[in-house]
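What follows is my_file.cif (mmCIF, C-alpha atoms).
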```
data_protein
loop_
_atom_site.label_atom_id
_atom_site.label_comp_id
_atom_site.auth_asym_id
_atom_site.auth_seq_id
_atom_site.Cartn_x
_atom_site.Cartn_y
_atom_site.Cartn_z
CA MET A 218 -4.29 2.62 17.61
CA GLU A 219 -5.74 -0.81 16.97
CA ASN A 220 -5.15 -2.19 13.46
CA VAL A 221 -2.23 0.21 12.88
CA THR A 222 1.29 -1.22 12.52
CA ILE A 223 4.32 1.08 12.31
CA LEU A 224 7.15 -1.00 10.86
CA THR A 225 10.53 -0.51 12.57
CA HIS A 226 12.70 -3.00 10.68
CA PRO A 227 16.21 -1.54 10.15
CA LEU A 228 16.18 -2.40 6.41
CA ILE A 229 12.91 -0.53 5.91
CA GLN A 230 14.15 2.49 7.87
CA HIS A 231 17.46 2.59 5.98
CA LYS A 232 15.77 2.42 2.57
CA ILE A 233 13.25 5.13 3.55
CA SER A 234 16.19 7.39 4.47
CA LEU A 235 17.62 6.84 0.97
CA LEU A 236 14.19 7.74 -0.50
CA ARG A 237 14.18 11.04 1.40
CA ASP A 238 17.50 12.18 -0.09
CA LYS A 239 16.76 14.72 -2.83
CA ASN A 240 19.84 13.47 -4.72
CA THR A 241 18.40 9.94 -5.12
CA GLY A 242 17.66 9.60 -8.85
CA THR A 243 14.55 8.23 -10.53
CA ASN A 244 15.86 4.72 -11.21
CA GLU A 245 17.16 4.17 -7.66
CA PHE A 246 14.04 5.78 -6.16
CA ARG A 247 11.78 3.44 -8.14
CA SER A 248 13.82 0.39 -7.08
CA LEU A 249 13.75 1.43 -3.43
CA ILE A 250 9.95 1.87 -3.47
CA GLY A 251 9.60 -1.72 -4.74
CA GLU A 252 12.08 -3.10 -2.20
CA ILE A 253 10.35 -1.34 0.71
CA ALA A 254 6.94 -2.59 -0.48
CA MET A 255 8.27 -6.15 -0.53
CA LEU A 256 9.71 -5.85 2.99
CA MET A 257 6.44 -4.32 4.23
CA GLY A 258 4.42 -6.99 2.43
CA PHE A 259 6.29 -9.71 4.31
CA GLU A 260 4.83 -8.27 7.54
CA ALA A 261 1.41 -7.24 6.18
CA LEU A 262 0.67 -10.69 4.71
CA ARG A 263 1.55 -12.75 7.79
CA ASP A 264 -2.13 -13.59 8.38
CA LEU A 265 -2.98 -14.91 4.89
CA PRO A 266 -5.13 -18.03 5.31
CA LEU A 267 -3.51 -21.44 4.79
CA GLU A 268 -4.80 -24.93 4.10
CA ASP A 269 -2.97 -28.24 3.84
CA LYS A 270 -2.45 -29.58 0.34
CA GLU A 271 -0.98 -32.90 -0.74
CA VAL A 272 2.51 -32.63 -2.25
CA GLU A 273 4.83 -35.36 -3.41
CA THR A 274 8.41 -34.71 -2.28
CA PRO A 275 11.39 -36.70 -3.64
CA ILE A 276 11.06 -38.80 -0.47
CA GLU A 277 7.31 -39.26 0.13
CA THR A 278 3.84 -37.73 -0.16
CA CYS A 279 2.90 -35.25 2.57
CA MET A 280 0.26 -32.71 3.55
CA THR A 281 1.81 -29.24 3.62
CA PRO A 282 0.37 -25.69 4.04
CA MET A 283 -0.35 -23.44 1.05
CA ILE A 284 -2.19 -20.12 0.74
CA THR A 285 -5.91 -20.75 0.33
CA GLY A 286 -8.95 -18.87 -0.97
CA LYS A 287 -9.39 -16.56 -3.93
CA LYS A 288 -6.20 -14.92 -5.16
CA MET A 289 -5.19 -11.76 -3.36
CA ALA A 290 -5.88 -8.37 -4.96
CA ILE A 291 -3.38 -5.51 -5.02
CA VAL A 292 -5.06 -2.16 -5.68
CA PRO A 293 -2.66 0.77 -6.17
CA ILE A 294 -3.96 4.31 -5.93
CA LEU A 295 -2.79 5.85 -9.22
CA ARG A 296 -0.24 6.86 -9.98
CA ALA A 297 2.32 6.63 -7.17
CA GLY A 298 0.77 3.45 -5.76
CA LEU A 299 1.90 1.63 -8.92
CA GLY A 300 5.47 1.83 -7.67
CA MET A 301 4.68 -0.59 -4.83
CA VAL A 302 2.91 -3.27 -6.89
CA ASN A 303 5.91 -5.25 -8.16
CA GLY A 304 7.38 -5.53 -4.68
CA ILE A 305 4.24 -7.26 -3.44
CA LEU A 306 3.86 -9.33 -6.63
CA SER A 307 7.36 -10.69 -6.02
CA LEU A 308 5.95 -12.23 -2.82
CA VAL A 309 2.58 -13.31 -4.25
CA PRO A 310 2.98 -13.67 -8.05
CA SER A 311 -0.56 -15.03 -8.45
CA ALA A 312 -2.19 -11.88 -7.03
CA LYS A 313 -4.61 -9.94 -9.25
CA VAL A 314 -4.09 -6.20 -9.73
CA GLY A 315 -6.85 -3.59 -9.77
CA HIS A 316 -6.51 0.19 -10.09
CA ILE A 317 -8.10 3.24 -8.53
CA GLY A 318 -7.47 6.67 -10.08
CA LEU A 319 -7.93 9.75 -7.93
CA TYR A 320 -6.92 13.35 -8.48
CA ARG A 321 -6.63 15.98 -5.77
CA ASP A 322 -8.38 19.33 -6.05
CA GLU A 323 -5.67 22.01 -5.85
CA GLU A 324 -7.90 24.30 -3.77
CA THR A 325 -9.60 21.93 -1.32
CA HIS A 326 -6.99 19.10 -1.45
CA GLU A 327 -9.95 16.69 -1.59
CA PRO A 328 -9.82 13.64 -3.92
CA HIS A 329 -12.06 12.89 -6.90
CA GLU A 330 -12.33 9.48 -8.58
CA TYR A 331 -11.66 9.19 -12.30
CA TYR A 332 -11.02 5.44 -12.65
CA CYS A 333 -11.89 2.28 -10.73
CA LYS A 334 -11.30 -1.28 -11.96
CA LEU A 335 -11.24 -4.13 -9.44
CA PRO A 336 -10.68 -7.89 -9.91
CA SER A 337 -13.81 -10.01 -9.50
CA PRO A 338 -15.10 -11.39 -7.18
CA ILE A 339 -13.65 -8.61 -5.02
CA ASP A 340 -15.66 -9.64 -1.94
CA GLN A 341 -13.77 -12.96 -1.66
CA ARG A 342 -10.26 -11.54 -1.83
CA THR A 343 -7.74 -10.11 0.60
CA ILE A 344 -7.24 -6.60 -0.83
CA VAL A 345 -4.00 -4.66 -0.37
CA VAL A 346 -4.34 -0.96 -1.21
CA THR A 347 -1.01 0.78 -1.90
CA ASP A 348 0.04 4.43 -1.86
CA PRO A 349 3.55 5.52 -0.84
CA MET A 350 2.26 8.66 0.91
CA LEU A 351 -0.54 9.00 3.46
CA ALA A 352 -0.77 12.80 3.74
CA THR A 353 -4.23 14.25 4.44
CA GLY A 354 -5.74 10.75 4.23
CA GLY A 355 -8.37 11.92 1.76
CA SER A 356 -7.28 9.71 -1.13
CA ALA A 357 -6.92 6.60 1.03
CA VAL A 358 -10.34 7.10 2.66
CA SER A 359 -11.99 7.63 -0.72
CA ALA A 360 -10.25 4.65 -2.33
CA ILE A 361 -11.35 2.34 0.47
CA ASP A 362 -14.87 3.82 0.31
CA PHE A 363 -14.99 2.84 -3.40
CA ILE A 364 -13.67 -0.67 -2.70
CA LYS A 365 -16.27 -1.24 0.02
CA GLU A 366 -19.01 0.07 -2.27
CA HIS A 367 -17.93 -2.59 -4.79
CA GLY A 368 -18.15 -5.31 -2.11
CA GLY A 369 -14.60 -5.46 -0.74
CA LYS A 370 -14.43 -6.71 2.85
CA THR A 371 -10.92 -7.78 3.88
CA ILE A 372 -8.79 -4.70 3.23
CA LYS A 373 -5.23 -3.75 4.15
CA PHE A 374 -3.61 -0.38 3.43
CA MET A 375 0.14 0.00 2.92
CA CYS A 376 2.01 3.32 2.82
CA ILE A 377 5.71 4.06 3.09
CA ILE A 378 5.41 7.33 5.01
CA ALA A 379 2.42 8.87 6.77
CA ALA A 380 1.54 12.14 8.46
CA PRO A 381 -0.21 11.82 11.85
CA GLU A 382 -3.20 13.77 10.47
CA GLY A 383 -3.73 11.32 7.59
CA LEU A 384 -3.23 8.24 9.72
CA GLU A 385 -5.80 9.46 12.24
CA ARG A 386 -8.31 10.34 9.50
CA LEU A 387 -7.97 6.97 7.75
CA HIS A 388 -8.19 4.98 10.98
CA LYS A 389 -11.25 6.93 12.13
CA ALA A 390 -13.04 6.48 8.77
CA HIS A 391 -12.12 2.77 8.38
CA PRO A 392 -11.27 1.26 11.79
CA ASP A 393 -11.64 -2.27 10.33
CA VAL A 394 -8.81 -1.77 7.81
CA GLN A 395 -5.34 -2.97 8.81
CA ILE A 396 -2.90 -0.09 8.16
CA TYR A 397 0.84 -0.65 7.65
CA VAL A 398 3.17 2.36 7.80
CA GLY A 399 6.89 2.39 7.02
CA HIS A 400 7.53 5.60 8.97
CA LEU A 401 5.28 8.07 10.79
CA ASP A 402 6.49 11.58 9.92
CA ARG A 403 6.11 14.81 11.89
CA CYS A 404 3.24 16.75 10.27
CA LEU A 405 1.69 18.25 7.14
CA ASN A 406 2.73 21.72 6.00
CA GLU A 407 0.36 24.45 4.70
CA ASN A 408 0.43 22.86 1.22
CA ALA A 409 -0.57 19.44 2.61
CA TYR A 410 2.90 17.97 1.99
CA ILE A 411 4.36 15.54 4.53
CA CYS A 412 7.30 16.92 6.57
CA PRO A 413 10.12 15.95 6.39
CA GLY A 414 8.65 13.66 3.72
CA LEU A 415 10.30 12.89 0.41
CA GLY A 416 8.64 15.28 -2.02
CA ASP A 417 6.11 14.13 -4.63
CA ALA A 418 6.40 10.33 -4.81
CA GLY A 419 4.68 10.10 -8.22
CA ASP A 420 7.04 12.65 -9.77
CA ARG A 421 10.08 10.93 -8.30
CA ILE A 422 8.99 7.41 -9.35
CA PHE A 423 8.13 8.39 -12.92
CA GLY A 424 10.67 11.17 -13.45
CA THR A 425 8.06 13.90 -14.06
CA LYS A 426 7.77 17.38 -12.66
#
```

Will you turn the file into structure tokens for me?
Amino acid sequence: MENVTILTHPLIQHKISLLRDKNTGTNEFRSLIGEIAMLMGFEALRDLPLEDKEVETPIETCMTPMITGKKMAIVPILRAGLGMVNGILSLVPSAKVGHIGLYRDEETHEPHEYYCKLPSPIDQRTIVVTDPMLATGGSAVSAIDFIKEHGGKTIKFMCIIAAPEGLERLHKAHPDVQIYVGHLDRCLNENAYICPGLGDAGDRIFGTK
């Protein structure tokens, strides 16, 4: 699928395997999510625009490339998406952070928005939407719908694991969005959980049940 990148780096795969382990505790799980997001961000941000700026080195003055344009925006889907923010901020400390809050209907599994706050001017920024899990794809599709309604144009989506059903749904709804996936899992089960998956990412990041 065009605009879909499945990341195969050994470090990413190894850390995802540690995430899957049910014996991985909250603190380690949270750290791993951030580390994986940073490794994924290295790949996802390879096309950030550059322009030459004048810098004075200890030897001489030179023109050298620096990231250009309005500062990037990171927009986590609450709450699990928050776990990926610091990993990306460690690469781009000047990025602005927005938030989108969605909750999933227990019966229909469809998302509903309860909070949306985006950095302005959103239309001039590269926007990275984060959510560790791409399951049915409903939350990701809705979040990107909201961002586009607010004027967002250049959008990337980063998830650590995805189900084929969710990836297909997101790509079909937003073919212009670049999607980065740490690992493509087998399927969704009858409760819309990713298999083999890693359980509920939000619960495991924040230590809640």

Subject >> Neighbour residues at most 9 Å from (-17.5, -12.0, -3.5) (only C-alpha atoms) as a ChimeraX atom specification >> reply: /A:337-342,368-370

Subject >> Spatial neighbours of Phe363 of chain A, max dist 10 Å, only C-alpha atoms, sep filter under 3 positions, as number ranges by chain >> reply: A: 317, 330, 333, 335, 357-360, 366-369

**OP:** Using the chain letters and numbers from the file, give me the residues hit by the PyMOL selection byres ((chain A and resi 218) around 12), as a PyMOL selection string.
**Re:** chain A and resi 219-223+381+384-389+392-397

Residues from the last selection, C-alpha atoms, saved as a short mmCIF file (atom, residue, chain, number, x, y, z; two decimals), in the coordinates of the input:
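Writing done, so here's out_10.cif:
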```cif
data_model
loop_
_atom_site.label_atom_id
_atom_site.label_comp_id
_atom_site.auth_asym_id
_atom_site.auth_seq_id
_atom_site.Cartn_x
_atom_site.Cartn_y
_atom_site.Cartn_z
CA GLU A 219 -5.74 -0.81 16.97
CA ASN A 220 -5.15 -2.19 13.46
CA VAL A 221 -2.23 0.21 12.88
CA THR A 222 1.29 -1.22 12.52
CA ILE A 223 4.32 1.08 12.31
CA PRO A 381 -0.21 11.82 11.85
CA LEU A 384 -3.23 8.24 9.72
CA GLU A 385 -5.80 9.46 12.24
CA ARG A 386 -8.31 10.34 9.50
CA LEU A 387 -7.97 6.97 7.75
CA HIS A 388 -8.19 4.98 10.98
CA LYS A 389 -11.25 6.93 12.13
CA PRO A 392 -11.27 1.26 11.79
CA ASP A 393 -11.64 -2.27 10.33
CA VAL A 394 -8.81 -1.77 7.81
CA GLN A 395 -5.34 -2.97 8.81
CA ILE A 396 -2.90 -0.09 8.16
CA TYR A 397 0.84 -0.65 7.65
#
```

Original post:
Which residues, written as a PyMOL selection string, have at least one atom at most 6 Å from segment 309-312 of chain A, with only C-alpha atoms counted and residues fewer than 5 positions away on the same chain left out?
Top reply: chain A and resi 288-290

With C-alpha atoms retained, export the selected residues as a CSV table (one decimal), in the frame of the given file.
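Output file selection18.csv follows:
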```
chain,number,residue,atom,x,y,z
A,288,LYS,CA,-6.2,-14.9,-5.2
A,289,MET,CA,-5.2,-11.8,-3.4
A,290,ALA,CA,-5.9,-8.4,-5.0
```

Taking the file as shown, what set of residues would the PyMOL selection byres ((chain A and resi 353) around 8) give back, as a short mmCIF file (atom, residue, chain, number, x, y, z; two decimals) with C-alpha atoms, keeping the file's coordinate frame?
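Okay, this is what ended up in selection12.cif:
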```cif
data_model
loop_
_atom_site.label_atom_id
_atom_site.label_comp_id
_atom_site.auth_asym_id
_atom_site.auth_seq_id
_atom_site.Cartn_x
_atom_site.Cartn_y
_atom_site.Cartn_z
CA LEU A 351 -0.54 9.00 3.46
CA ALA A 352 -0.77 12.80 3.74
CA GLY A 354 -5.74 10.75 4.23
CA GLY A 355 -8.37 11.92 1.76
CA SER A 356 -7.28 9.71 -1.13
CA ALA A 380 1.54 12.14 8.46
CA GLU A 382 -3.20 13.77 10.47
CA GLY A 383 -3.73 11.32 7.59
CA ARG A 386 -8.31 10.34 9.50
CA LEU A 405 1.69 18.25 7.14
CA ALA A 409 -0.57 19.44 2.61
#
```

Original post:
Restricting the calculation to only C-alpha atoms, which member of A:Asp322, A:Leu306, A:Thr343, A:Asp238 is positioned closest to Asn408 of chain A?
Top reply: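 Among the listed residues, the smallest separation from Asn408 of chain A belongs to A:Asp322.
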
Subject >> Chain and number of each residue from the PyMOL selection byres ((chain A and resi 421) around 12), as JSON, numbers by chain >> reply: {"A": [236, 237, 238, 239, 240, 241, 242, 243, 244, 245, 246, 247, 248, 249, 250, 296, 297, 300, 349, 415, 416, 417, 418, 419, 420, 422, 423, 424, 425, 426]}

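Rounded to one decimal, atom CA of Tyr331 of chain A and atom CA of His391 of chain A lie 21.7 Å from each other.
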
**OP:** Find the distance between atom CA of Thr325 of chain A and atom CA of Val345 of chain A and write it in Å to one decimal.
**Re:**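 Value for the atom CA of Thr325 of chain A-atom CA of Val345 of chain A distance: 27.2 Å.
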
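Atom CA of Lys365 of chain A lies 13.2 Å from atom CA of Pro336 of chain A.
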
**OP:** For segment 252-267 of chain A, please output as a ChimeraX atom specification all residues within 9 Å (counting only C-alpha atoms; exclusion window: fewer than 5 positions along the same chain).
**Re:** /A:222,224,226,228-230,232-233,247,282-286,300-308,343,345,347,349,373-377,395-399

Emit a file covering segment 255-276 of chain A of the preceding structure with C-alpha atoms, as a compact mmCIF listing (two decimals), in the first residue's frame.
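See part.txt below for the written result:
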```txt
# COMPACT_ATOMS: atom_id res chain seq x y z
CA MET A 255 11.95 7.67 19.04
CA LEU A 256 13.29 4.93 16.75
CA MET A 257 10.15 5.14 14.58
CA GLY A 258 10.35 8.94 14.55
CA PHE A 259 13.86 8.77 13.11
CA GLU A 260 12.35 7.05 10.04
CA ALA A 261 9.05 8.95 9.91
CA LEU A 262 10.73 12.39 9.97
CA ARG A 263 13.28 11.75 7.23
CA ASP A 264 11.43 14.09 4.85
CA LEU A 265 11.21 17.16 7.12
CA PRO A 266 11.99 20.24 5.01
CA LEU A 267 15.43 21.85 5.34
CA GLU A 268 16.88 25.23 4.48
CA ASP A 269 20.44 26.53 4.71
CA LYS A 270 21.18 28.85 7.61
CA GLU A 271 24.36 30.76 8.36
CA VAL A 272 26.34 29.36 11.31
CA GLU A 273 29.68 30.43 12.68
CA THR A 274 31.88 27.43 13.49
CA PRO A 275 35.12 27.74 15.51
CA ILE A 276 36.88 27.77 12.12
```
